[in-house]
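Data file: query.txt. Format and content: compact mmCIF, C-alpha atoms.
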```txt
# COMPACT_ATOMS: atom_id res chain seq x y z
CA MET Y 35 0.00 0.00 0.00
CA LYS Y 36 1.06 3.59 -0.54
CA THR Y 37 2.00 5.46 2.63
CA LEU Y 38 2.04 8.97 4.03
CA SER Y 39 5.75 9.19 3.23
CA ASP Y 40 5.00 8.40 -0.41
CA LEU Y 41 2.41 11.19 -0.53
CA VAL Y 42 4.72 13.76 1.05
CA ASP Y 43 7.53 12.74 -1.30
CA GLU Y 44 5.19 13.29 -4.24
CA GLY Y 45 4.61 16.84 -2.98
CA VAL Y 46 1.44 18.09 -1.29
CA ALA Y 47 2.05 21.83 -0.94
CA GLY Y 48 -1.14 23.67 -1.86
CA GLN Y 49 -3.16 20.46 -2.20
CA THR Y 50 -6.20 19.59 -0.09
CA VAL Y 51 -5.80 16.27 1.69
CA LEU Y 52 -8.70 14.48 3.36
CA VAL Y 53 -7.58 12.61 6.49
CA ARG Y 54 -9.70 10.04 8.33
CA SER Y 55 -8.61 10.05 11.98
CA ASP Y 56 -9.97 8.21 15.00
CA LEU Y 57 -10.92 10.92 17.50
CA ASN Y 58 -13.60 8.93 19.31
CA VAL Y 59 -12.63 9.94 22.83
CA PRO Y 60 -14.55 9.64 26.11
CA LEU Y 61 -16.28 12.81 27.31
CA ASP Y 62 -17.67 13.91 30.66
CA GLY Y 63 -19.97 16.67 29.47
CA GLU Y 64 -17.59 18.69 27.31
CA THR Y 65 -14.47 17.54 29.15
CA ILE Y 66 -12.27 14.97 27.42
CA THR Y 67 -11.29 12.37 30.01
CA ASP Y 68 -8.71 10.54 27.86
CA ASP Y 69 -7.12 12.31 24.88
CA GLY Y 70 -4.94 9.36 23.84
CA ARG Y 71 -6.53 8.96 20.42
CA ILE Y 72 -6.24 12.67 19.67
CA ARG Y 73 -2.55 12.63 20.58
CA ALA Y 74 -2.04 9.56 18.40
CA SER Y 75 -3.56 11.40 15.41
CA VAL Y 76 -1.25 14.41 15.67
CA PRO Y 77 1.91 13.08 13.92
CA THR Y 78 0.18 12.39 10.60
CA ILE Y 79 -1.77 15.66 10.63
CA SER Y 80 1.35 17.60 11.61
CA GLU Y 81 3.41 16.02 8.85
CA LEU Y 82 0.86 17.01 6.21
CA SER Y 83 0.44 20.51 7.62
CA GLY Y 84 4.20 20.92 7.80
CA ALA Y 85 4.42 19.91 4.13
CA MET Y 86 2.03 22.81 3.41
CA ALA Y 87 -1.01 20.71 2.56
CA LYS Y 88 -4.50 22.00 3.34
CA VAL Y 89 -5.69 19.33 5.78
CA VAL Y 90 -9.36 18.43 6.26
CA VAL Y 91 -9.88 15.88 9.03
CA THR Y 92 -12.93 13.64 9.33
CA ALA Y 93 -13.81 11.64 12.44
CA HIS Y 94 -16.73 10.37 14.48
CA LEU Y 95 -17.74 10.52 18.11
CA GLY Y 96 -20.06 7.94 19.64
CA ARG Y 97 -23.22 6.78 17.88
CA PRO Y 98 -25.46 9.79 17.23
CA LYS Y 99 -28.88 9.19 15.76
CA SER Y 100 -29.11 12.66 14.19
CA PRO Y 101 -27.31 16.05 14.08
CA SER Y 102 -29.56 17.14 16.95
CA ASP Y 103 -27.58 14.83 19.26
CA THR Y 104 -25.31 17.74 20.14
CA GLN Y 105 -23.65 15.82 22.96
CA PHE Y 106 -21.75 14.06 20.17
CA SER Y 107 -20.35 17.26 18.66
CA LEU Y 108 -16.62 17.25 17.95
CA GLY Y 109 -16.28 20.78 19.34
CA PRO Y 110 -14.20 19.75 22.39
CA VAL Y 111 -12.06 17.55 20.15
CA ALA Y 112 -11.35 20.42 17.72
CA ALA Y 113 -10.25 22.58 20.65
CA ARG Y 114 -7.91 19.91 22.03
CA LEU Y 115 -6.51 19.07 18.60
CA GLY Y 116 -5.73 22.74 18.10
CA GLU Y 117 -3.90 22.85 21.43
CA LEU Y 118 -1.78 19.85 20.47
CA LEU Y 119 -1.03 21.23 17.00
CA GLY Y 120 -0.26 24.69 18.33
CA ALA Y 121 -2.74 26.37 15.96
CA PRO Y 122 -6.54 26.79 16.04
CA VAL Y 123 -8.60 24.05 14.37
CA LYS Y 124 -11.94 25.25 13.08
CA LEU Y 125 -14.93 22.90 13.33
CA VAL Y 126 -16.87 22.87 10.05
CA PRO Y 127 -20.50 21.65 9.68
CA LEU Y 128 -20.94 18.61 7.44
CA GLU Y 129 -22.98 20.67 5.01
CA GLY Y 130 -20.16 23.24 4.77
CA PRO Y 131 -19.10 25.66 3.54
CA LEU Y 132 -15.41 25.08 4.03
CA PRO Y 133 -13.49 28.22 5.05
CA ASN Y 134 -10.83 29.64 2.74
CA LEU Y 135 -7.85 27.46 3.60
CA HIS Y 136 -4.23 28.52 3.41
CA ASP Y 137 -1.35 26.11 2.93
CA GLY Y 138 -0.69 24.31 6.23
CA ASP Y 139 -4.16 24.98 7.67
CA VAL Y 140 -6.09 22.22 9.47
CA VAL Y 141 -9.87 22.04 9.85
CA LEU Y 142 -12.09 19.33 11.35
CA LEU Y 143 -15.44 18.35 9.87
CA GLU Y 144 -18.25 17.87 12.36
CA ASN Y 145 -19.09 14.32 13.48
CA ILE Y 146 -19.18 12.31 10.27
CA ARG Y 147 -21.87 10.04 11.73
CA PHE Y 148 -24.33 12.94 11.85
CA ASP Y 149 -25.05 11.80 8.29
CA PRO Y 150 -26.59 8.29 8.42
CA ARG Y 151 -25.05 7.41 5.05
CA GLU Y 152 -21.64 7.18 6.74
CA THR Y 153 -22.58 3.85 8.34
CA SER Y 154 -25.16 2.71 5.77
CA LYS Y 155 -25.16 -0.94 4.69
CA ASN Y 156 -26.18 0.29 1.23
CA ASP Y 157 -23.08 0.61 -0.97
CA ASP Y 158 -24.67 3.25 -3.20
CA GLU Y 159 -25.65 5.47 -0.25
CA ARG Y 160 -22.15 5.34 1.21
CA ALA Y 161 -20.56 6.04 -2.16
CA GLU Y 162 -22.86 9.02 -2.69
CA PHE Y 163 -21.84 10.47 0.69
CA ALA Y 164 -18.16 9.86 -0.07
CA ARG Y 165 -18.45 11.79 -3.32
CA GLU Y 166 -20.22 14.65 -1.52
CA LEU Y 167 -17.38 14.82 1.02
CA ILE Y 168 -14.84 15.03 -1.78
CA ALA Y 169 -16.87 17.73 -3.54
CA LEU Y 170 -17.26 19.72 -0.31
CA THR Y 171 -13.57 19.62 0.53
CA GLY Y 172 -12.06 19.64 -2.94
CA ALA Y 173 -9.74 16.89 -1.71
CA GLU Y 174 -7.10 15.60 -4.10
CA ALA Y 175 -5.79 12.76 -1.90
CA PHE Y 176 -6.96 10.66 1.02
CA VAL Y 177 -4.97 9.51 4.05
CA SER Y 178 -6.44 6.76 6.21
CA ASP Y 179 -5.14 7.18 9.75
CA GLY Y 180 -8.03 6.02 11.94
CA PHE Y 181 -7.02 2.49 12.83
CA GLY Y 182 -9.90 2.17 15.29
CA VAL Y 183 -12.36 2.23 12.37
CA VAL Y 184 -10.59 0.27 9.60
CA HIS Y 185 -12.60 -2.83 10.48
CA ARG Y 186 -15.75 -1.00 9.35
CA LYS Y 187 -16.90 -0.51 5.76
CA GLN Y 188 -17.94 3.12 6.17
CA ALA Y 189 -18.01 6.02 3.74
CA SER Y 190 -15.17 8.07 5.24
CA VAL Y 191 -13.01 4.96 5.72
CA TYR Y 192 -13.68 2.72 2.74
CA ASP Y 193 -15.62 4.50 -0.01
CA VAL Y 194 -13.52 7.67 -0.07
CA ALA Y 195 -10.46 5.46 -0.60
CA GLN Y 196 -12.07 4.15 -3.78
CA GLU Y 197 -12.63 7.66 -5.14
CA LEU Y 198 -9.27 9.32 -4.39
CA PRO Y 199 -5.59 8.35 -4.46
CA ALA Y 200 -5.36 6.65 -1.04
CA TYR Y 201 -2.47 6.39 1.40
CA ALA Y 202 -1.94 4.74 4.78
CA GLY Y 203 -1.22 7.24 7.54
CA GLY Y 204 1.63 6.69 9.95
CA LEU Y 205 -0.67 5.38 12.68
CA VAL Y 206 -2.44 2.82 10.49
CA LEU Y 207 0.88 1.68 9.06
CA SER Y 208 2.48 1.17 12.47
CA GLU Y 209 -0.60 -0.66 13.80
CA VAL Y 210 -0.65 -3.08 10.87
CA GLU Y 211 3.09 -3.72 11.15
CA VAL Y 212 2.76 -4.53 14.86
CA LEU Y 213 -0.16 -6.89 14.29
CA ARG Y 214 1.69 -8.64 11.49
CA THR Y 215 4.52 -9.26 13.93
CA LEU Y 216 2.07 -10.84 16.38
CA THR Y 217 0.50 -13.09 13.75
CA GLU Y 218 3.42 -13.97 11.52
CA SER Y 219 6.65 -13.93 13.51
CA PRO Y 220 6.20 -13.57 17.30
CA GLU Y 221 9.28 -14.29 19.37
CA ARG Y 222 8.59 -17.07 21.86
CA PRO Y 223 7.42 -17.68 24.49
CA TYR Y 224 4.31 -15.80 23.33
CA ALA Y 225 1.80 -14.92 26.08
CA VAL Y 226 -1.62 -13.36 25.61
CA VAL Y 227 -3.56 -11.72 28.44
CA LEU Y 228 -7.32 -11.41 27.91
CA GLY Y 229 -9.85 -9.75 30.17
CA GLY Y 230 -13.19 -8.06 29.78
CA SER Y 231 -16.70 -9.12 30.56
CA LYS Y 232 -17.76 -11.97 28.32
CA VAL Y 233 -16.28 -15.11 26.82
CA SER Y 234 -18.65 -14.69 23.87
CA ASP Y 235 -17.06 -11.32 23.02
CA LYS Y 236 -13.58 -12.85 22.85
CA LEU Y 237 -14.44 -16.38 21.70
CA ALA Y 238 -13.31 -15.91 18.10
CA VAL Y 239 -9.96 -14.42 19.09
CA ILE Y 240 -9.38 -17.13 21.72
CA GLU Y 241 -10.02 -19.85 19.14
CA ALA Y 242 -7.71 -18.11 16.65
CA LEU Y 243 -4.90 -17.48 19.14
CA LEU Y 244 -4.81 -20.75 21.10
CA PRO Y 245 -2.93 -22.69 18.39
CA LYS Y 246 -0.38 -19.85 18.09
CA VAL Y 247 0.42 -18.89 21.70
CA ASP Y 248 2.30 -20.58 24.51
CA SER Y 249 0.10 -19.21 27.32
CA LEU Y 250 -3.28 -17.49 27.43
CA LEU Y 251 -3.99 -15.76 30.74
CA VAL Y 252 -7.66 -15.03 31.43
CA GLY Y 253 -8.97 -12.47 33.92
CA GLY Y 254 -11.88 -10.05 34.07
CA GLY Y 255 -15.52 -11.07 34.17
CA MET Y 256 -14.96 -13.71 31.51
CA CYS Y 257 -12.82 -15.82 33.84
CA PHE Y 258 -15.86 -16.84 35.88
CA THR Y 259 -17.40 -18.75 32.99
CA PHE Y 260 -14.13 -20.68 32.69
CA LEU Y 261 -14.10 -21.28 36.46
CA ALA Y 262 -17.68 -22.55 36.25
CA ALA Y 263 -16.52 -24.90 33.48
CA GLN Y 264 -14.04 -26.32 35.99
CA GLY Y 265 -16.87 -26.97 38.40
CA TYR Y 266 -16.45 -24.01 40.77
CA GLY Y 267 -19.37 -22.02 42.13
CA VAL Y 268 -19.10 -18.36 41.14
CA GLY Y 269 -21.76 -16.78 43.35
CA SER Y 270 -23.27 -13.68 41.74
CA SER Y 271 -20.29 -13.18 39.43
CA LEU Y 272 -20.83 -12.56 35.74
CA LEU Y 273 -21.58 -15.91 34.13
CA GLU Y 274 -22.48 -16.96 30.59
CA LYS Y 275 -24.10 -20.33 31.11
CA ASP Y 276 -24.37 -20.94 27.37
CA GLN Y 277 -20.58 -20.69 27.08
CA ILE Y 278 -19.66 -23.18 29.81
CA ASP Y 279 -19.36 -26.19 27.50
CA THR Y 280 -17.34 -24.16 24.99
CA SER Y 281 -15.06 -22.93 27.77
CA ARG Y 282 -14.54 -26.50 28.99
CA THR Y 283 -13.45 -27.51 25.49
CA LEU Y 284 -11.04 -24.57 25.24
CA LEU Y 285 -9.47 -25.54 28.56
CA GLU Y 286 -8.45 -28.87 27.05
CA SER Y 287 -5.68 -27.03 25.20
CA GLY Y 288 -3.72 -26.85 28.45
CA LYS Y 289 -2.59 -23.33 27.56
CA ILE Y 290 -5.22 -21.32 29.45
CA VAL Y 291 -4.14 -19.95 32.83
CA LEU Y 292 -6.95 -18.93 35.18
CA PRO Y 293 -6.95 -16.99 38.47
CA THR Y 294 -6.50 -18.93 41.67
CA ASP Y 295 -7.93 -16.20 43.91
CA VAL Y 296 -10.33 -13.33 43.36
CA VAL Y 297 -11.51 -10.14 45.05
CA VAL Y 298 -15.23 -10.46 45.75
CA ALA Y 299 -17.80 -7.90 46.88
CA ASP Y 300 -21.36 -7.98 48.13
CA ALA Y 301 -22.35 -5.21 45.69
CA PHE Y 302 -21.10 -3.60 42.50
CA ALA Y 303 -19.93 -0.42 44.20
CA ALA Y 304 -16.74 1.27 45.38
CA ASP Y 305 -17.96 1.22 48.98
CA ALA Y 306 -19.10 -2.43 48.98
CA ASN Y 307 -17.80 -4.95 51.49
CA THR Y 308 -14.89 -6.83 49.91
CA LYS Y 309 -12.62 -9.77 50.63
CA THR Y 310 -10.12 -11.93 48.79
CA VAL Y 311 -10.97 -15.62 48.50
CA PRO Y 312 -9.64 -18.66 46.62
CA VAL Y 313 -11.63 -19.50 43.52
CA ASP Y 314 -13.30 -22.38 45.33
CA GLY Y 315 -14.50 -20.01 48.06
CA ILE Y 316 -16.90 -17.65 46.27
CA GLU Y 317 -20.07 -17.64 48.34
CA ASP Y 318 -23.63 -17.09 47.15
CA GLY Y 319 -24.48 -13.39 47.04
CA TRP Y 320 -20.86 -12.36 46.42
CA MET Y 321 -19.48 -11.37 43.04
CA GLY Y 322 -15.92 -11.47 41.75
CA LEU Y 323 -14.76 -8.05 40.54
CA ASP Y 324 -10.99 -8.49 40.28
CA ILE Y 325 -8.30 -11.14 40.30
CA GLY Y 326 -6.48 -11.55 43.63
CA PRO Y 327 -2.84 -10.96 44.60
CA GLU Y 328 -1.89 -14.65 44.28
CA SER Y 329 -3.23 -14.65 40.74
CA VAL Y 330 -1.34 -11.45 39.92
CA ALA Y 331 1.89 -13.10 41.11
CA GLU Y 332 1.22 -16.23 39.04
CA PHE Y 333 0.37 -14.21 35.93
CA ALA Y 334 3.47 -12.07 36.48
CA ALA Y 335 5.66 -15.18 36.63
CA VAL Y 336 4.41 -16.28 33.22
CA LEU Y 337 4.85 -12.79 31.78
CA ALA Y 338 8.38 -12.50 33.15
CA GLY Y 339 9.48 -15.35 30.90
CA ALA Y 340 7.64 -14.17 27.80
CA LYS Y 341 9.31 -12.61 24.76
CA THR Y 342 6.05 -11.45 23.15
CA VAL Y 343 2.96 -10.24 25.03
CA PHE Y 344 -0.44 -9.12 23.75
CA TRP Y 345 -2.89 -7.71 26.32
CA ASN Y 346 -6.54 -6.90 25.70
CA GLY Y 347 -9.03 -6.36 28.49
CA PRO Y 348 -8.74 -5.38 32.17
CA MET Y 349 -8.44 -7.94 34.95
CA GLY Y 350 -11.22 -6.36 36.98
CA VAL Y 351 -13.41 -3.30 37.36
CA PHE Y 352 -10.39 -1.00 37.43
CA GLU Y 353 -12.58 2.12 37.38
CA LEU Y 354 -13.46 1.38 41.03
CA ALA Y 355 -10.45 1.67 43.35
CA PRO Y 356 -11.04 -1.55 45.37
CA PHE Y 357 -10.92 -3.58 42.14
CA ALA Y 358 -8.01 -1.94 40.29
CA ALA Y 359 -5.06 -3.85 41.80
CA GLY Y 360 -5.32 -6.84 39.46
CA THR Y 361 -5.18 -4.76 36.29
CA ARG Y 362 -2.42 -2.56 37.70
CA GLY Y 363 -0.36 -5.55 38.83
CA VAL Y 364 -0.57 -7.42 35.55
CA ALA Y 365 0.14 -4.27 33.54
CA GLN Y 366 3.14 -3.50 35.74
CA ALA Y 367 4.42 -7.03 35.19
CA ILE Y 368 4.31 -6.43 31.43
CA VAL Y 369 6.18 -3.14 31.88
CA ASP Y 370 8.80 -4.82 34.07
CA GLY Y 371 9.45 -7.59 31.54
CA ASP Y 372 11.59 -7.38 28.44
CA ALA Y 373 9.01 -8.73 25.99
CA PHE Y 374 7.78 -7.04 22.84
CA SER Y 375 4.49 -5.90 24.39
CA VAL Y 376 1.30 -4.73 22.69
CA VAL Y 377 -1.70 -3.24 24.47
CA GLY Y 378 -4.76 -3.97 22.37
CA GLY Y 379 -6.54 -0.64 22.69
CA GLY Y 380 -9.98 -0.08 24.20
CA ASP Y 381 -10.31 -0.47 27.97
CA SER Y 382 -6.74 -1.75 28.27
CA ALA Y 383 -5.30 1.46 26.83
CA ALA Y 384 -7.67 3.49 29.02
CA ALA Y 385 -6.51 1.54 32.07
CA VAL Y 386 -2.85 2.29 31.32
CA ARG Y 387 -3.57 6.01 31.44
CA ALA Y 388 -6.16 5.93 34.23
CA LEU Y 389 -3.90 3.94 36.54
CA GLY Y 390 -0.87 6.12 35.87
CA LEU Y 391 1.24 3.45 34.21
CA PRO Y 392 4.09 4.59 31.94
CA GLU Y 393 2.92 4.49 28.33
CA ASP Y 394 6.50 4.12 27.14
CA GLY Y 395 6.76 0.96 29.23
CA PHE Y 396 4.91 -0.87 26.46
CA SER Y 397 6.26 -1.46 22.98
CA HIS Y 398 2.98 -0.39 21.39
CA ILE Y 399 -0.41 0.83 22.61
CA SER Y 400 -3.05 0.31 19.95
CA THR Y 401 -5.78 2.86 19.30
CA GLY Y 402 -8.20 0.22 18.01
CA GLY Y 403 -9.36 -2.57 20.29
CA GLY Y 404 -11.99 -3.98 17.95
CA ALA Y 405 -9.78 -3.66 14.88
CA SER Y 406 -6.87 -5.33 16.68
CA LEU Y 407 -8.99 -8.30 17.74
CA GLU Y 408 -10.53 -8.76 14.29
CA TYR Y 409 -7.07 -8.72 12.71
CA LEU Y 410 -5.84 -11.35 15.17
CA GLU Y 411 -8.95 -13.42 14.43
CA GLY Y 412 -7.81 -13.50 10.82
CA LYS Y 413 -10.57 -11.28 9.48
CA THR Y 414 -10.05 -8.90 6.57
CA LEU Y 415 -10.15 -5.25 7.65
CA PRO Y 416 -12.00 -3.39 4.85
CA GLY Y 417 -10.25 -0.10 5.53
CA VAL Y 418 -6.85 -1.76 5.16
CA ALA Y 419 -7.79 -3.98 2.23
CA VAL Y 420 -8.99 -0.99 0.21
CA LEU Y 421 -5.60 0.67 0.66
CA ASP Y 422 -3.90 -2.44 -0.70
CA GLU Y 423 -6.28 -2.44 -3.66
CA SER Y 424 -5.79 1.24 -4.41
```
When written as structure tokens, how does the structure in this file appear?
Amino acid sequence: MKTLSDLVDEGVAGQTVLVRSDLNVPLDGETITDDGRIRASVPTISELSGAMAKVVVTAHLGRPKSPSDTQFSLGPVAARLGELLGAPVKLVPLEGPLPNLHDGDVVLLENIRFDPRETSKNDDERAEFARELIALTGAEAFVSDGFGVVHRKQASVYDVAQELPAYAGGLVLSEVEVLRTLTESPERPYAVVLGGSKVSDKLAVIEALLPKVDSLLVGGGMCFTFLAAQGYGVGSSLLEKDQIDTSRTLLESGKIVLPTDVVVADAFAADANTKTVPVDGIEDGWMGLDIGPESVAEFAAVLAGAKTVFWNGPMGVFELAPFAAGTRGVAQAIVDGDAFSVVGGGDSAAAVRALGLPEDGFSHISTGGGASLEYLEGKTLPGVAVLDES
């Protein structure tokens, strides 16, 4: 695929370049609580601006049903992007008009999902919207830099790339290179750490990874379905009864490592009564909300010997202080090791920042949890495939 470097080498001064970024950040009102994705988008935008291109950025925020869902406006994002770039970034309505741009200017189009054609399943509707975006902006080239959305066939990701000369941005390129390392040539031992709520959400990636990894460590809410498959009672913990038989079959691989102790509570609350119990000691009425210290130590021992580590999903409800130690401990073990380590975006990346862990302690922190998992499952990512085709 052609890359950002190729585009800059071809010369972009005075040209309008349409950039698809992933700026889908969490908001508390109008306050951005984690600007990691915005910061990750800056290098590509800065390189184009520095090469004197006129840069028009498209992005989405959340899942608005209409333009009247103003809580999904990209206004706060435009302000933060401008701070990071060191120059104001004007927010432009989807219907335009575009301001008179000078070479090196950057503008951000309003939430691309305010137009329902962006996510339409109808190819013609998406293509029509893509052509309207190109006409509005006068774009002469397209740079795909929103890795968190390349697993979606959407107008600003896929269809625009079919209408314009298309290039992979620095972020997309680095993400794909990292994932290729994990799938094609991981140094061994190769350990994967999976957390999150449900086995069903991660089933496809577990089935794809088990033949390829040396150890698969399971924490988070999903571990209780595996524990139930081993015959343990799990109290009021999250449990997918329809996945117990599947989990039992997966355990036959001998590669899955489960917690041996858990932190339980009598309510899902920061001020609940809590205690740490072995996995065979979860009483009725109590729910597991984190892995325990013994489990952290056992997971850390496996990670200490690994040469490649992929982590996706927290070990517990890290947003609540009494249940953050498991995630923090496992993440710190990855930082302390010498493995090539990849954090698979989503809640894992949020946990790194929320818990104050050093971002540079990991080899790579992905901006796309869903895209990362689908790649590791062996699925084709439409937003990457279209760059190869173009």
With a distance cut-off of 9 Å and only C-alpha atoms, select the neighbouring residues of stretch 320-334 of chain Y, excluding the residue or stretch itself and same-chain residues fewer than 2 positions from it, and output the selection as a PyMOL selection string. chain Y and resi 227+251+253-255+258+268-272+291-302+308+310-312+316-318+336-339+348-352+356-361+363-368+371
Contacts of stretch 187-189 of chain Y at 7 Å (all atoms listed in the file; same-chain gap of 5+ positions) as an mmCIF file with C-alpha atoms, in the frame of the given file:
```
data_model
loop_
_atom_site.group_PDB
_atom_site.id
_atom_site.type_symbol
_atom_site.label_atom_id
_atom_site.label_comp_id
_atom_site.auth_asym_id
_atom_site.auth_seq_id
_atom_site.Cartn_x
_atom_site.Cartn_y
_atom_site.Cartn_z
ATOM 1 C CA GLU Y 152 -21.640 7.180 6.740
ATOM 2 C CA THR Y 153 -22.580 3.850 8.340
ATOM 3 C CA ARG Y 160 -22.150 5.340 1.210
ATOM 4 C CA ALA Y 161 -20.560 6.040 -2.160
ATOM 5 C CA PHE Y 163 -21.840 10.470 0.690
ATOM 6 C CA ALA Y 164 -18.160 9.860 -0.070
ATOM 7 C CA VAL Y 194 -13.520 7.670 -0.070
ATOM 8 C CA PRO Y 416 -12.000 -3.390 4.850
ATOM 9 C CA GLY Y 417 -10.250 -0.100 5.530
#
```
Y:Gly204 environment, 10 Å, only C-alpha atoms, sequence neighbours closer than 4 positions dropped, as a ChimeraX atom specification: /Y:37-39,74-75,77-79,81,177-180,208-209
Closest atom pairs, residues of stretch 41-133 of chain Y within 10 Å of stretch 382-394 of chain Y, all atoms listed in the file, as a Markdown table:
```
| residue | atom | partner | partner_atom | distance |
| --- | --- | --- | --- | --- |
| Y:Pro60 | CA | Y:Ala384 | CA | 9.7 |
| Y:Thr67 | CA | Y:Ala388 | CA | 9.3 |
| Y:Asp68 | CA | Y:Ala384 | CA | 7.2 |
| Y:Asp69 | CA | Y:Ala384 | CA | 9.8 |
| Y:Gly70 | CA | Y:Ala384 | CA | 8.3 |
| Y:Arg71 | CA | Y:Ala383 | CA | 9.9 |
```
Please produce an output containing C-alpha atoms for each residue in the selection, written as a PDB file, in the frame of the given file.
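Listed below is the output, again13.pdb:
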```
ATOM      1  CA  PRO Y  60     -14.550   9.640  26.110  1.00  0.00           C
ATOM      2  CA  THR Y  67     -11.290  12.370  30.010  1.00  0.00           C
ATOM      3  CA  ASP Y  68      -8.710  10.540  27.860  1.00  0.00           C
ATOM      4  CA  ASP Y  69      -7.120  12.310  24.880  1.00  0.00           C
ATOM      5  CA  GLY Y  70      -4.940   9.360  23.840  1.00  0.00           C
ATOM      6  CA  ARG Y  71      -6.530   8.960  20.420  1.00  0.00           C
TER       7      ARG Y  71
END
```
When you look at stretch 118-135 of chain Y with a cut-off of 9 Å (counting only C-alpha atoms), what residues show up, excluding the ones that are within fewer than 6 positions of it in the same chain? I need them as number ranges by chain. Y: 50, 72-73, 76, 79-80, 88-89, 108-109, 112, 141-146, 148-149, 167, 170-171
Would you output that residue set with C-alpha atoms, as a PDB file, keeping the file's coordinate frame?
```pdb
ATOM      1  CA  THR Y  50      -6.200  19.590  -0.090  1.00  0.00           C
ATOM      2  CA  ILE Y  72      -6.240  12.670  19.670  1.00  0.00           C
ATOM      3  CA  ARG Y  73      -2.550  12.630  20.580  1.00  0.00           C
ATOM      4  CA  VAL Y  76      -1.250  14.410  15.670  1.00  0.00           C
ATOM      5  CA  ILE Y  79      -1.770  15.660  10.630  1.00  0.00           C
ATOM      6  CA  SER Y  80       1.350  17.600  11.610  1.00  0.00           C
ATOM      7  CA  LYS Y  88      -4.500  22.000   3.340  1.00  0.00           C
ATOM      8  CA  VAL Y  89      -5.690  19.330   5.780  1.00  0.00           C
ATOM      9  CA  LEU Y 108     -16.620  17.250  17.950  1.00  0.00           C
ATOM     10  CA  GLY Y 109     -16.280  20.780  19.340  1.00  0.00           C
ATOM     11  CA  ALA Y 112     -11.350  20.420  17.720  1.00  0.00           C
ATOM     12  CA  VAL Y 141      -9.870  22.040   9.850  1.00  0.00           C
ATOM     13  CA  LEU Y 142     -12.090  19.330  11.350  1.00  0.00           C
ATOM     14  CA  LEU Y 143     -15.440  18.350   9.870  1.00  0.00           C
ATOM     15  CA  GLU Y 144     -18.250  17.870  12.360  1.00  0.00           C
ATOM     16  CA  ASN Y 145     -19.090  14.320  13.480  1.00  0.00           C
ATOM     17  CA  ILE Y 146     -19.180  12.310  10.270  1.00  0.00           C
ATOM     18  CA  PHE Y 148     -24.330  12.940  11.850  1.00  0.00           C
ATOM     19  CA  ASP Y 149     -25.050  11.800   8.290  1.00  0.00           C
ATOM     20  CA  LEU Y 167     -17.380  14.820   1.020  1.00  0.00           C
ATOM     21  CA  LEU Y 170     -17.260  19.720  -0.310  1.00  0.00           C
ATOM     22  CA  THR Y 171     -13.570  19.620   0.530  1.00  0.00           C
TER      23      THR Y 171
END
```
Non-local contacts of Y:Met35 (10 Å; only C-alpha atoms; under 6 positions in same chain excluded) as a list of chain:residue names: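 The filter keeps Y:Ala200, Y:Tyr201, Y:Ala202, Y:Leu207, Y:Val418, Y:Ala419, Y:Val420, Y:Leu421, Y:Asp422, Y:Glu423, Y:Ser424.
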In terms of the shortest atom-to-atom distance over all atoms listed in the file, which of Y:Lys232, Y:Lys289, Y:Asp372, Y:Arg97 is closest to Y:Leu273?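 Result for the nearest residue to Y:Leu273: Y:Lys232.
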Expressed in Å to a single decimal, how great is the separation between atom CA of Y:Gly96 and atom CA of Y:Asn58? 6.5 Å
Which value, in Å to one decimal, gives the distance between atom CA of Y:Arg151 and atom CA of Y:Ala405? 21.3 Å
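Compared by their closest atoms to Y:Leu216, and using only C-alpha atoms, the residues Y:Ser100, Y:Gln105, Y:Ser400, Y:Thr342 rank with Y:Thr342 nearest.
When atom CA of Y:Leu415 is paired with atom CA of Y:Ser234, their separation reads 20.6 Å.
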Could you give me, as JSON lines, a per-residue list for stretch 364-387 of chain Y showing, wherever an atom lies at most 10 Å from an atom of stretch 220-226 of chain Y, the closest pair of atoms and their distance in Å to one decimal, using all atoms listed in the file and sorting by chain then residue number from low to high?
```
{"residue": "Y:Ala373", "atom": "CA", "partner": "Y:Glu221", "partner_atom": "CA", "distance": 8.6}
{"residue": "Y:Phe374", "atom": "CA", "partner": "Y:Glu221", "partner_atom": "CA", "distance": 8.2}
{"residue": "Y:Ser375", "atom": "CA", "partner": "Y:Ala225", "partner_atom": "CA", "distance": 9.6}
{"residue": "Y:Val376", "atom": "CA", "partner": "Y:Val226", "partner_atom": "CA", "distance": 9.6}
```
At most 9 Å from (-6.7, -9.8, 18.8), file frame, all atoms listed in the file: which residues, as a ChimeraX atom specification? /Y:213,236,239-240,242-243,344-346,378,403-412
